[in-house]
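Reproduced below: structure-v4.pdb, with PDB, N, CA and C atoms.
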```
MODEL        1
ATOM      1  N   MET A   1     199.294 153.803  45.658  1.00  0.00           N
ATOM      2  CA  MET A   1     200.453 153.198  45.054  1.00  0.00           C
ATOM      3  C   MET A   1     201.696 153.466  45.904  1.00  0.00           C
ATOM      4  N   ARG A   2     201.833 154.656  46.421  1.00  0.00           N
ATOM      5  CA  ARG A   2     202.991 154.976  47.257  1.00  0.00           C
ATOM      6  C   ARG A   2     203.014 154.138  48.520  1.00  0.00           C
ATOM      7  N   ILE A   3     201.833 153.830  49.055  1.00  0.00           N
ATOM      8  CA  ILE A   3     201.761 153.022  50.269  1.00  0.00           C
ATOM      9  C   ILE A   3     202.333 151.636  50.010  1.00  0.00           C
ATOM     10  N   THR A   4     201.973 151.039  48.876  1.00  0.00           N
ATOM     11  CA  THR A   4     202.475 149.714  48.532  1.00  0.00           C
ATOM     12  C   THR A   4     203.985 149.733  48.384  1.00  0.00           C
ATOM     13  N   ILE A   5     204.514 150.688  47.649  1.00  0.00           N
ATOM     14  CA  ILE A   5     205.959 150.773  47.438  1.00  0.00           C
ATOM     15  C   ILE A   5     206.659 151.019  48.760  1.00  0.00           C
ATOM     16  N   THR A   6     206.089 151.871  49.600  1.00  0.00           N
ATOM     17  CA  THR A   6     206.691 152.146  50.895  1.00  0.00           C
ATOM     18  C   THR A   6     206.773 150.877  51.726  1.00  0.00           C
ATOM     19  N   ALA A   7     205.712 150.074  51.714  1.00  0.00           N
ATOM     20  CA  ALA A   7     205.707 148.824  52.483  1.00  0.00           C
ATOM     21  C   ALA A   7     206.777 147.869  51.984  1.00  0.00           C
ATOM     22  N   VAL A   8     206.939 147.762  50.683  1.00  0.00           N
ATOM     23  CA  VAL A   8     207.949 146.868  50.124  1.00  0.00           C
ATOM     24  C   VAL A   8     209.342 147.368  50.452  1.00  0.00           C
ATOM     25  N   VAL A   9     209.544 148.664  50.338  1.00  0.00           N
ATOM     26  CA  VAL A   9     210.853 149.234  50.649  1.00  0.00           C
ATOM     27  C   VAL A   9     211.171 149.019  52.120  1.00  0.00           C
ATOM     28  N   LEU A  10     210.187 149.184  52.969  1.00  0.00           N
ATOM     29  CA  LEU A  10     210.408 148.937  54.395  1.00  0.00           C
ATOM     30  C   LEU A  10     210.847 147.504  54.633  1.00  0.00           C
ATOM     31  N   SER A  11     210.181 146.580  53.982  1.00  0.00           N
ATOM     32  CA  SER A  11     210.548 145.172  54.135  1.00  0.00           C
ATOM     33  C   SER A  11     211.951 144.916  53.615  1.00  0.00           C
ATOM     34  N   ALA A  12     212.270 145.469  52.454  1.00  0.00           N
ATOM     35  CA  ALA A  12     213.593 145.274  51.861  1.00  0.00           C
ATOM     36  C   ALA A  12     214.678 145.889  52.735  1.00  0.00           C
ATOM     37  N   LEU A  13     214.445 147.090  53.209  1.00  0.00           N
ATOM     38  CA  LEU A  13     215.440 147.745  54.056  1.00  0.00           C
ATOM     39  C   LEU A  13     215.633 147.010  55.364  1.00  0.00           C
ATOM     40  N   SER A  14     214.565 146.421  55.864  1.00  0.00           N
ATOM     41  CA  SER A  14     214.705 145.670  57.113  1.00  0.00           C
ATOM     42  C   SER A  14     215.593 144.448  56.907  1.00  0.00           C
ATOM     43  N   LEU A  15     215.539 143.844  55.722  1.00  0.00           N
ATOM     44  CA  LEU A  15     216.417 142.717  55.427  1.00  0.00           C
ATOM     45  C   LEU A  15     217.873 143.155  55.349  1.00  0.00           C
ATOM     46  N   MET A  16     218.104 144.353  54.841  1.00  0.00           N
ATOM     47  CA  MET A  16     219.466 144.830  54.619  1.00  0.00           C
ATOM     48  C   MET A  16     220.102 145.403  55.880  1.00  0.00           C
ATOM     49  N   ASN A  17     219.336 146.131  56.686  1.00  0.00           N
ATOM     50  CA  ASN A  17     219.942 146.969  57.718  1.00  0.00           C
ATOM     51  C   ASN A  17     219.660 146.578  59.160  1.00  0.00           C
ATOM     52  N   GLN A  18     218.668 145.759  59.401  1.00  0.00           N
ATOM     53  CA  GLN A  18     218.280 145.541  60.780  1.00  0.00           C
ATOM     54  C   GLN A  18     218.394 144.076  61.164  1.00  0.00           C
ATOM     55  N   PRO A  19     218.815 143.827  62.388  1.00  0.00           N
ATOM     56  CA  PRO A  19     218.829 142.454  62.867  1.00  0.00           C
ATOM     57  C   PRO A  19     217.407 141.919  62.992  1.00  0.00           C
ATOM     58  N   SER A  20     217.260 140.617  62.990  1.00  0.00           N
ATOM     59  CA  SER A  20     215.944 139.987  63.113  1.00  0.00           C
ATOM     60  C   SER A  20     215.250 140.445  64.382  1.00  0.00           C
ATOM     61  N   GLY A  21     213.958 140.596  64.281  1.00  0.00           N
ATOM     62  CA  GLY A  21     213.161 140.950  65.439  1.00  0.00           C
ATOM     63  C   GLY A  21     212.997 142.438  65.672  1.00  0.00           C
ATOM     64  N   GLU A  22     213.774 143.265  64.978  1.00  0.00           N
ATOM     65  CA  GLU A  22     213.637 144.710  65.144  1.00  0.00           C
ATOM     66  C   GLU A  22     212.373 145.186  64.439  1.00  0.00           C
ATOM     67  N   PRO A  23     211.658 146.167  65.007  1.00  0.00           N
ATOM     68  CA  PRO A  23     210.457 146.688  64.334  1.00  0.00           C
ATOM     69  C   PRO A  23     210.821 147.453  63.068  1.00  0.00           C
ATOM     70  N   LEU A  24     209.908 147.466  62.122  1.00  0.00           N
ATOM     71  CA  LEU A  24     210.105 148.223  60.883  1.00  0.00           C
ATOM     72  C   LEU A  24     209.841 149.703  61.140  1.00  0.00           C
ATOM     73  N   HIS A  25     210.464 150.547  60.351  1.00  0.00           N
ATOM     74  CA  HIS A  25     210.212 151.978  60.428  1.00  0.00           C
ATOM     75  C   HIS A  25     210.185 152.543  59.011  1.00  0.00           C
ATOM     76  N   ALA A  26     209.475 153.639  58.840  1.00  0.00           N
ATOM     77  CA  ALA A  26     209.359 154.259  57.517  1.00  0.00           C
ATOM     78  C   ALA A  26     210.698 154.836  57.097  1.00  0.00           C
ATOM     79  N   ALA A  27     211.140 154.471  55.896  1.00  0.00           N
ATOM     80  CA  ALA A  27     212.404 154.978  55.366  1.00  0.00           C
ATOM     81  C   ALA A  27     212.170 156.152  54.423  1.00  0.00           C
ATOM     82  N   GLY A  28     210.932 156.341  53.985  1.00  0.00           N
ATOM     83  CA  GLY A  28     210.609 157.429  53.084  1.00  0.00           C
ATOM     84  C   GLY A  28     209.650 156.973  52.008  1.00  0.00           C
ATOM     85  N   ILE A  29     209.334 157.886  51.117  1.00  0.00           N
ATOM     86  CA  ILE A  29     208.417 157.612  50.013  1.00  0.00           C
ATOM     87  C   ILE A  29     209.191 157.774  48.711  1.00  0.00           C
ATOM     88  N   ILE A  30     208.988 156.839  47.801  1.00  0.00           N
ATOM     89  CA  ILE A  30     209.641 156.903  46.501  1.00  0.00           C
ATOM     90  C   ILE A  30     208.584 157.237  45.452  1.00  0.00           C
ATOM     91  N   PRO A  31     208.592 158.462  44.919  1.00  0.00           N
ATOM     92  CA  PRO A  31     207.624 158.812  43.887  1.00  0.00           C
ATOM     93  C   PRO A  31     207.920 158.068  42.589  1.00  0.00           C
ATOM     94  N   MET A  32     206.867 157.710  41.873  1.00  0.00           N
ATOM     95  CA  MET A  32     206.999 157.079  40.560  1.00  0.00           C
ATOM     96  C   MET A  32     206.220 157.931  39.571  1.00  0.00           C
ATOM     97  N   PRO A  33     206.836 158.995  39.066  1.00  0.00           N
ATOM     98  CA  PRO A  33     206.142 159.928  38.182  1.00  0.00           C
ATOM     99  C   PRO A  33     205.580 159.229  36.948  1.00  0.00           C
ATOM    100  N   GLY A  34     204.343 159.553  36.629  1.00  0.00           N
ATOM    101  CA  GLY A  34     203.717 159.013  35.429  1.00  0.00           C
ATOM    102  C   GLY A  34     203.147 157.615  35.579  1.00  0.00           C
ATOM    103  N   VAL A  35     203.366 156.980  36.715  1.00  0.00           N
ATOM    104  CA  VAL A  35     202.832 155.630  36.909  1.00  0.00           C
ATOM    105  C   VAL A  35     201.413 155.736  37.439  1.00  0.00           C
ATOM    106  N   GLU A  36     200.490 155.119  36.712  1.00  0.00           N
ATOM    107  CA  GLU A  36     199.085 155.115  37.105  1.00  0.00           C
ATOM    108  C   GLU A  36     198.549 153.703  36.964  1.00  0.00           C
ATOM    109  N   GLY A  37     197.475 153.438  37.649  1.00  0.00           N
ATOM    110  CA  GLY A  37     196.840 152.133  37.523  1.00  0.00           C
ATOM    111  C   GLY A  37     197.424 151.109  38.473  1.00  0.00           C
ATOM    112  N   ARG A  38     197.170 149.881  38.127  1.00  0.00           N
ATOM    113  CA  ARG A  38     197.477 148.761  39.013  1.00  0.00           C
ATOM    114  C   ARG A  38     198.958 148.395  39.018  1.00  0.00           C
ATOM    115  N   ILE A  39     199.450 148.081  40.217  1.00  0.00           N
ATOM    116  CA  ILE A  39     200.772 147.484  40.379  1.00  0.00           C
ATOM    117  C   ILE A  39     200.525 146.038  40.759  1.00  0.00           C
ATOM    118  N   ASP A  40     201.222 145.132  40.088  1.00  0.00           N
ATOM    119  CA  ASP A  40     200.939 143.728  40.326  1.00  0.00           C
ATOM    120  C   ASP A  40     202.068 143.013  41.043  1.00  0.00           C
ATOM    121  N   HIS A  41     203.200 142.882  40.420  1.00  0.00           N
ATOM    122  CA  HIS A  41     204.293 142.101  40.993  1.00  0.00           C
ATOM    123  C   HIS A  41     205.448 142.995  41.408  1.00  0.00           C
ATOM    124  N   LEU A  42     206.140 142.561  42.446  1.00  0.00           N
ATOM    125  CA  LEU A  42     207.324 143.253  42.931  1.00  0.00           C
ATOM    126  C   LEU A  42     208.429 142.224  43.106  1.00  0.00           C
ATOM    127  N   ALA A  43     209.646 142.610  42.787  1.00  0.00           N
ATOM    128  CA  ALA A  43     210.795 141.734  43.015  1.00  0.00           C
ATOM    129  C   ALA A  43     211.926 142.587  43.562  1.00  0.00           C
ATOM    130  N   PHE A  44     212.671 142.021  44.518  1.00  0.00           N
ATOM    131  CA  PHE A  44     213.756 142.764  45.138  1.00  0.00           C
ATOM    132  C   PHE A  44     215.079 142.071  44.866  1.00  0.00           C
ATOM    133  N   ASP A  45     216.047 142.841  44.393  1.00  0.00           N
ATOM    134  CA  ASP A  45     217.407 142.360  44.160  1.00  0.00           C
ATOM    135  C   ASP A  45     218.241 142.827  45.350  1.00  0.00           C
ATOM    136  N   LEU A  46     218.464 141.937  46.308  1.00  0.00           N
ATOM    137  CA  LEU A  46     219.162 142.303  47.533  1.00  0.00           C
ATOM    138  C   LEU A  46     220.602 142.723  47.259  1.00  0.00           C
ATOM    139  N   ALA A  47     221.298 141.985  46.389  1.00  0.00           N
ATOM    140  CA  ALA A  47     222.705 142.313  46.085  1.00  0.00           C
ATOM    141  C   ALA A  47     222.830 143.667  45.387  1.00  0.00           C
ATOM    142  N   GLY A  48     221.949 143.944  44.434  1.00  0.00           N
ATOM    143  CA  GLY A  48     222.001 145.203  43.686  1.00  0.00           C
ATOM    144  C   GLY A  48     221.217 146.320  44.327  1.00  0.00           C
ATOM    145  N   LYS A  49     220.492 146.011  45.404  1.00  0.00           N
ATOM    146  CA  LYS A  49     219.663 146.986  46.126  1.00  0.00           C
ATOM    147  C   LYS A  49     218.704 147.712  45.189  1.00  0.00           C
ATOM    148  N   ARG A  50     218.016 146.884  44.362  1.00  0.00           N
ATOM    149  CA  ARG A  50     217.022 147.425  43.430  1.00  0.00           C
ATOM    150  C   ARG A  50     215.684 146.739  43.653  1.00  0.00           C
ATOM    151  N   LEU A  51     214.633 147.500  43.445  1.00  0.00           N
ATOM    152  CA  LEU A  51     213.277 146.987  43.501  1.00  0.00           C
ATOM    153  C   LEU A  51     212.677 147.095  42.114  1.00  0.00           C
ATOM    154  N   PHE A  52     212.090 146.009  41.629  1.00  0.00           N
ATOM    155  CA  PHE A  52     211.451 145.986  40.320  1.00  0.00           C
ATOM    156  C   PHE A  52     209.941 145.952  40.544  1.00  0.00           C
ATOM    157  N   VAL A  53     209.242 146.913  39.945  1.00  0.00           N
ATOM    158  CA  VAL A  53     207.807 147.066  40.144  1.00  0.00           C
ATOM    159  C   VAL A  53     207.104 146.918  38.803  1.00  0.00           C
ATOM    160  N   ALA A  54     206.219 145.932  38.684  1.00  0.00           N
ATOM    161  CA  ALA A  54     205.426 145.755  37.471  1.00  0.00           C
ATOM    162  C   ALA A  54     204.219 146.688  37.556  1.00  0.00           C
ATOM    163  N   ALA A  55     204.247 147.751  36.770  1.00  0.00           N
ATOM    164  CA  ALA A  55     203.158 148.720  36.730  1.00  0.00           C
ATOM    165  C   ALA A  55     202.248 148.345  35.568  1.00  0.00           C
ATOM    166  N   LEU A  56     201.263 147.508  35.841  1.00  0.00           N
ATOM    167  CA  LEU A  56     200.408 146.970  34.782  1.00  0.00           C
ATOM    168  C   LEU A  56     199.602 148.041  34.072  1.00  0.00           C
ATOM    169  N   GLY A  57     199.190 149.066  34.796  1.00  0.00           N
ATOM    170  CA  GLY A  57     198.424 150.137  34.178  1.00  0.00           C
ATOM    171  C   GLY A  57     199.223 150.904  33.141  1.00  0.00           C
ATOM    172  N   ASN A  58     200.536 150.891  33.232  1.00  0.00           N
ATOM    173  CA  ASN A  58     201.411 151.590  32.295  1.00  0.00           C
ATOM    174  C   ASN A  58     202.074 150.647  31.304  1.00  0.00           C
ATOM    175  N   ASN A  59     201.959 149.342  31.521  1.00  0.00           N
ATOM    176  CA  ASN A  59     202.705 148.348  30.736  1.00  0.00           C
ATOM    177  C   ASN A  59     204.203 148.596  30.842  1.00  0.00           C
ATOM    178  N   THR A  60     204.655 148.876  32.074  1.00  0.00           N
ATOM    179  CA  THR A  60     206.070 149.132  32.323  1.00  0.00           C
ATOM    180  C   THR A  60     206.560 148.328  33.515  1.00  0.00           C
ATOM    181  N   VAL A  61     207.869 148.225  33.613  1.00  0.00           N
ATOM    182  CA  VAL A  61     208.522 147.773  34.841  1.00  0.00           C
ATOM    183  C   VAL A  61     209.376 148.939  35.310  1.00  0.00           C
ATOM    184  N   GLU A  62     209.140 149.373  36.532  1.00  0.00           N
ATOM    185  CA  GLU A  62     209.890 150.476  37.113  1.00  0.00           C
ATOM    186  C   GLU A  62     211.030 149.885  37.937  1.00  0.00           C
ATOM    187  N   VAL A  63     212.233 150.374  37.702  1.00  0.00           N
ATOM    188  CA  VAL A  63     213.401 149.910  38.434  1.00  0.00           C
ATOM    189  C   VAL A  63     213.774 151.001  39.431  1.00  0.00           C
ATOM    190  N   ILE A  64     213.766 150.644  40.711  1.00  0.00           N
ATOM    191  CA  ILE A  64     213.995 151.613  41.774  1.00  0.00           C
ATOM    192  C   ILE A  64     215.307 151.300  42.480  1.00  0.00           C
ATOM    193  N   ASP A  65     216.141 152.317  42.606  1.00  0.00           N
ATOM    194  CA  ASP A  65     217.372 152.211  43.379  1.00  0.00           C
ATOM    195  C   ASP A  65     217.001 152.468  44.836  1.00  0.00           C
ATOM    196  N   ILE A  66     217.142 151.452  45.668  1.00  0.00           N
ATOM    197  CA  ILE A  66     216.735 151.569  47.064  1.00  0.00           C
ATOM    198  C   ILE A  66     217.634 152.548  47.822  1.00  0.00           C
ATOM    199  N   ASN A  67     218.928 152.559  47.543  1.00  0.00           N
ATOM    200  CA  ASN A  67     219.835 153.484  48.243  1.00  0.00           C
ATOM    201  C   ASN A  67     219.524 154.935  47.901  1.00  0.00           C
ATOM    202  N   ALA A  68     219.281 155.221  46.629  1.00  0.00           N
ATOM    203  CA  ALA A  68     218.995 156.592  46.188  1.00  0.00           C
ATOM    204  C   ALA A  68     217.532 156.965  46.398  1.00  0.00           C
ATOM    205  N   MET A  69     216.672 155.956  46.651  1.00  0.00           N
ATOM    206  CA  MET A  69     215.234 156.180  46.864  1.00  0.00           C
ATOM    207  C   MET A  69     214.598 156.893  45.672  1.00  0.00           C
ATOM    208  N   ARG A  70     214.928 156.390  44.448  1.00  0.00           N
ATOM    209  CA  ARG A  70     214.341 156.989  43.243  1.00  0.00           C
ATOM    210  C   ARG A  70     214.277 155.960  42.121  1.00  0.00           C
ATOM    211  N   VAL A  71     213.402 156.231  41.164  1.00  0.00           N
ATOM    212  CA  VAL A  71     213.296 155.403  39.964  1.00  0.00           C
ATOM    213  C   VAL A  71     214.510 155.688  39.106  1.00  0.00           C
ATOM    214  N   ILE A  72     215.208 154.631  38.687  1.00  0.00           N
ATOM    215  CA  ILE A  72     216.394 154.820  37.854  1.00  0.00           C
ATOM    216  C   ILE A  72     216.147 154.406  36.404  1.00  0.00           C
ATOM    217  N   LYS A  73     215.078 153.672  36.173  1.00  0.00           N
ATOM    218  CA  LYS A  73     214.781 153.215  34.807  1.00  0.00           C
ATOM    219  C   LYS A  73     213.303 152.826  34.737  1.00  0.00           C
ATOM    220  N   SER A  74     212.692 153.099  33.597  1.00  0.00           N
ATOM    221  CA  SER A  74     211.346 152.637  33.313  1.00  0.00           C
ATOM    222  C   SER A  74     211.417 151.838  32.013  1.00  0.00           C
ATOM    223  N   ILE A  75     211.120 150.562  32.107  1.00  0.00           N
ATOM    224  CA  ILE A  75     211.161 149.684  30.937  1.00  0.00           C
ATOM    225  C   ILE A  75     209.762 149.664  30.337  1.00  0.00           C
ATOM    226  N   ALA A  76     209.608 150.252  29.169  1.00  0.00           N
ATOM    227  CA  ALA A  76     208.297 150.431  28.528  1.00  0.00           C
ATOM    228  C   ALA A  76     208.045 149.385  27.447  1.00  0.00           C
ATOM    229  N   GLY A  77     206.806 149.374  26.967  1.00  0.00           N
ATOM    230  CA  GLY A  77     206.431 148.528  25.843  1.00  0.00           C
ATOM    231  C   GLY A  77     206.142 147.085  26.217  1.00  0.00           C
ATOM    232  N   LEU A  78     205.872 146.838  27.488  1.00  0.00           N
ATOM    233  CA  LEU A  78     205.560 145.472  27.938  1.00  0.00           C
ATOM    234  C   LEU A  78     204.055 145.254  27.944  1.00  0.00           C
ATOM    235  N   HIS A  79     203.640 144.048  27.695  1.00  0.00           N
ATOM    236  CA  HIS A  79     202.210 143.766  27.672  1.00  0.00           C
ATOM    237  C   HIS A  79     201.877 142.602  28.571  1.00  0.00           C
TER     238      HIS A  79
ENDMDL
END
```

Let's see the structure in the file written out as structure tokens.
Amino acid sequence: MRITITAVVLSALSLMNQPSGEPLHAAGIIPMPGVEGRIDHLAFDLAGKRLFVAALGNNTVEVIDINAMRVIKSIAGLH
């Protein structure tokens, strides 16, 4: 799961910080405590610098602050 999030964060950060054609580099790992099971959809809010992760195994959407590199909200009770 961390590998997937890391790849998405790398892609998002490359859009924000690097000119076209520059190679990607690891920006770090964002832990998602308590998240288990399948992750399905990801959405990135470029203006708000947030990543939304649909954690299907938890029936949650995890909201990640890309600048702080941490989960800022877990929206529970989704099916």

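Evaluated against this file, the PyMOL selection byres ((chain A and resi 50) around 7) yields A:Ala43, A:Phe44, A:Asp45, A:Leu46, A:Ala47, A:Gly48, A:Lys49, A:Leu51, A:Phe52, A:Val63, A:Ile64, A:Asp65, A:Ile66, A:Asn67.
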
Hey, can you spit out that residue selection with N, CA and C atoms as a PDB file, in the coordinates of the input?
```
ATOM      1  N   ALA A  43     209.646 142.610  42.787  1.00  0.00           N
ATOM      2  CA  ALA A  43     210.795 141.734  43.015  1.00  0.00           C
ATOM      3  C   ALA A  43     211.926 142.587  43.562  1.00  0.00           C
ATOM      4  N   PHE A  44     212.671 142.021  44.518  1.00  0.00           N
ATOM      5  CA  PHE A  44     213.756 142.764  45.138  1.00  0.00           C
ATOM      6  C   PHE A  44     215.079 142.071  44.866  1.00  0.00           C
ATOM      7  N   ASP A  45     216.047 142.841  44.393  1.00  0.00           N
ATOM      8  CA  ASP A  45     217.407 142.360  44.160  1.00  0.00           C
ATOM      9  C   ASP A  45     218.241 142.827  45.350  1.00  0.00           C
ATOM     10  N   LEU A  46     218.464 141.937  46.308  1.00  0.00           N
ATOM     11  CA  LEU A  46     219.162 142.303  47.533  1.00  0.00           C
ATOM     12  C   LEU A  46     220.602 142.723  47.259  1.00  0.00           C
ATOM     13  N   ALA A  47     221.298 141.985  46.389  1.00  0.00           N
ATOM     14  CA  ALA A  47     222.705 142.313  46.085  1.00  0.00           C
ATOM     15  C   ALA A  47     222.830 143.667  45.387  1.00  0.00           C
ATOM     16  N   GLY A  48     221.949 143.944  44.434  1.00  0.00           N
ATOM     17  CA  GLY A  48     222.001 145.203  43.686  1.00  0.00           C
ATOM     18  C   GLY A  48     221.217 146.320  44.327  1.00  0.00           C
ATOM     19  N   LYS A  49     220.492 146.011  45.404  1.00  0.00           N
ATOM     20  CA  LYS A  49     219.663 146.986  46.126  1.00  0.00           C
ATOM     21  C   LYS A  49     218.704 147.712  45.189  1.00  0.00           C
ATOM     22  N   LEU A  51     214.633 147.500  43.445  1.00  0.00           N
ATOM     23  CA  LEU A  51     213.277 146.987  43.501  1.00  0.00           C
ATOM     24  C   LEU A  51     212.677 147.095  42.114  1.00  0.00           C
ATOM     25  N   PHE A  52     212.090 146.009  41.629  1.00  0.00           N
ATOM     26  CA  PHE A  52     211.451 145.986  40.320  1.00  0.00           C
ATOM     27  C   PHE A  52     209.941 145.952  40.544  1.00  0.00           C
ATOM     28  N   VAL A  63     212.233 150.374  37.702  1.00  0.00           N
ATOM     29  CA  VAL A  63     213.401 149.910  38.434  1.00  0.00           C
ATOM     30  C   VAL A  63     213.774 151.001  39.431  1.00  0.00           C
ATOM     31  N   ILE A  64     213.766 150.644  40.711  1.00  0.00           N
ATOM     32  CA  ILE A  64     213.995 151.613  41.774  1.00  0.00           C
ATOM     33  C   ILE A  64     215.307 151.300  42.480  1.00  0.00           C
ATOM     34  N   ASP A  65     216.141 152.317  42.606  1.00  0.00           N
ATOM     35  CA  ASP A  65     217.372 152.211  43.379  1.00  0.00           C
ATOM     36  C   ASP A  65     217.001 152.468  44.836  1.00  0.00           C
ATOM     37  N   ILE A  66     217.142 151.452  45.668  1.00  0.00           N
ATOM     38  CA  ILE A  66     216.735 151.569  47.064  1.00  0.00           C
ATOM     39  C   ILE A  66     217.634 152.548  47.822  1.00  0.00           C
ATOM     40  N   ASN A  67     218.928 152.559  47.543  1.00  0.00           N
ATOM     41  CA  ASN A  67     219.835 153.484  48.243  1.00  0.00           C
ATOM     42  C   ASN A  67     219.524 154.935  47.901  1.00  0.00           C
TER      43      ASN A  67
END
```

Review point. Given the choices A:Ile75, A:Glu36, A:Arg70, A:His41, which gets closest to Gly57 in chain A if the distance is worked out from all atoms listed in the file?
Key: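 Closest residue, counting all atoms listed in the file: A:Glu36.
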
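Of the listed residues A:Val53, A:His79, A:Asn58, A:Ile72, the one whose atoms come nearest to Val35 in chain A is A:Asn58, with distances taken using all atoms listed in the file.
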
**Study point:** Among listed residues A:Pro33, A:Gly28, A:Arg38, A:Ala54, nearest Ala68 in chain A (using only C-alpha atoms)
**Key:**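 The shortest atom-to-atom distance to Ala68 in chain A comes from A:Gly28.
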
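Considering only C-alpha atoms, the residue among A:Ala76, A:Val61, A:Val71, A:Ala55 positioned nearest to Met32 in chain A is A:Val71.
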
Review point. Mind pulling up the distance from atom C of Leu42 in chain A to atom C of Met69 in chain A?
Key: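 Distance between the two atoms: 16.1 Å.
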
Point to revise | CA of Asn59 in chain A to CA of Gly34 in chain A, distance in Å rounded to a single decimal | key: 11.7 Å

Practice item. Record the distance separating atom N of Ile29 in chain A and atom C of Leu56 in chain A, expressed in Å with one decimal. Key: 22.0 Å
